[in-house]
Amino acid sequence: MSQAKKTVKIFNLEGKPEGKTTLPNVFNTSLRPDVIKRAVLAIQSTRIQPQGRDPMAGKKTSAESRGTGMGISRIPRTKSGGGKAAFAPSTVGGRQPHPPKAEKKIIKNIPKKEARLALCSAIAATASKEAVVSRGHKIEKVLQIPIIVIDSIENLSKTSEVETTLTSLGLISELDRVKNSRKIRAGKGKRRGRKMKIGVGPLIVVENNRGISKAASNIPGVDVVEVNNLNSEMLAPGTNPGRLTLWSIGAIKQLDTLYTGDQD
């Protein structure tokens, strides 16, 4: 038996209601964190760079074992240089016992139906206040979950306009949380080009990107994506569903077309 569709308000760029709409059936999909995690890890695995070792690494030496009867171990030793041990895995500069292989399969595959279920479940999680709060988002002043805005938001071309709109919709606490989360990463990543770490903020989903993507690029933690390009990782960063998401009314209508009948 299908669940009743939820009616929500549509807000303008000043944060005032301008009408109502019903959420598509995809928002009635049951929450499946296990499937979402598999889908996100599958997406992340495609960005891992294959690595391997030179097959001759550690073997470019004339070291040979001298056999038994000499009162020394049978480890390979060089013929010059005082009989220094070489070649063997336990020696300085020797080969690795089990080096990484470039042919190793590192991409995790997931069935198409399971990936689609994960995406539908991640979309539904954006309408769950409990899921959004559990991710750590600040929504005390947010007008409604999920946030639905008129299509004029797609035409914003300045960063200040996007910030004003997000503030009007009650996201000022969330933006402050992201700004204050910037810190120095712990570990070796500091010297590998990823010194700073910052939290994930709101996601803006639009039907057509008419300039808002460039306008929002300077706001920390805020991402913009067209509804046709949505994936599980955007909606559930770090495999945790419930990202605070702002939808344009055009994107909501497009969801009804893209995911008709997708409900578990």
# chains A, B, ... in the order shown; residues from 1 in each chain; ligands from 1

$ residues_around --residues "Ser173 in chain A" --least-positions-apart "5" --cutoff "10 Å" --atoms "only C-alpha atoms" --output "MDAnalysis selection string"
chainID A and resid 137:142 167 178:179

$ write_last_selection --atoms "C-alpha atoms" --output "PDB file, in the first residue's frame"
ATOM      1  CA  HIS A 137      23.482  20.130  10.720  1.00  0.00           C
ATOM      2  CA  LYS A 138      22.170  23.212  12.554  1.00  0.00           C
ATOM      3  CA  ILE A 139      18.487  23.544  11.630  1.00  0.00           C
ATOM      4  CA  GLU A 140      17.021  25.432  14.605  1.00  0.00           C
ATOM      5  CA  LYS A 141      15.998  28.363  12.380  1.00  0.00           C
ATOM      6  CA  VAL A 142      15.298  26.374   9.209  1.00  0.00           C
ATOM      7  CA  THR A 167      20.151  33.489   5.522  1.00  0.00           C
ATOM      8  CA  VAL A 178      30.801  25.106   8.484  1.00  0.00           C
ATOM      9  CA  LYS A 179      33.041  28.190   8.676  1.00  0.00           C
TER      10      LYS A 179
END

$ residues_around --residues "Asn208 in chain A" --least-positions-apart "2" --cutoff "10 Å" --atoms "only C-alpha atoms" --output "PyMOL selection string"
chain A and resi 151+154-155+205-206+210-212+225-228+248+250-251

$ closest_residue --among "A:Gly201, A:Pro99, A:Gly69, A:Gly94" --to "Gly242 in chain A" --atoms "only C-alpha atoms"
A:Gly201

$ atom_distance --atom1 "CA of Val222 in chain A" --atom2 "CA of Ile36 in chain A"
21.3 Å

$ closest_residue --among "A:Lys129, A:Lys37, A:Lys158, A:Arg66" --to "Asn218 in chain A" --atoms "only C-alpha atoms"
A:Lys158

$ residues_around --residues "Gln96 in chain A" --least-positions-apart "3" --cutoff "10 Å" --atoms "only C-alpha atoms" --output "PyMOL selection string"
chain A and resi 53+57-59+87-91+93+99-100

$ residues_around --residues "Glu130 in chain A" --least-positions-apart "2" --cutoff "12 Å" --atoms "only C-alpha atoms" --output "JSON, numbers by chain"
{"A": [31, 124, 125, 126, 127, 128, 132, 133, 134, 135, 136, 137, 138, 139, 145, 146, 241, 242, 243, 244]}

$ residues_around --residues "Glu14 in chain A" --least-positions-apart "2" --cutoff "10 Å" --atoms "only C-alpha atoms" --output "VMD selection string"
chain A and resid 11 to 12 16 to 17 149 164 to 169

$ write_last_selection --atoms "C-alpha atoms" --output "mmCIF file, in the first residue's frame"
data_model
loop_
_atom_site.group_PDB
_atom_site.id
_atom_site.type_symbol
_atom_site.label_atom_id
_atom_site.label_comp_id
_atom_site.auth_asym_id
_atom_site.auth_seq_id
_atom_site.Cartn_x
_atom_site.Cartn_y
_atom_site.Cartn_z
ATOM 1 C CA PHE A 11 9.387 29.632 -0.281
ATOM 2 C CA ASN A 12 10.618 32.618 -2.247
ATOM 3 C CA LYS A 16 8.243 33.837 2.632
ATOM 4 C CA PRO A 17 5.727 31.127 1.590
ATOM 5 C CA VAL A 149 12.399 27.226 -3.131
ATOM 6 C CA THR A 164 21.336 36.513 1.573
ATOM 7 C CA THR A 165 18.929 33.857 0.280
ATOM 8 C CA LEU A 166 20.350 31.137 2.536
ATOM 9 C CA THR A 167 20.151 33.489 5.522
ATOM 10 C CA SER A 168 16.508 34.299 4.727
ATOM 11 C CA LEU A 169 15.743 30.568 4.683
#
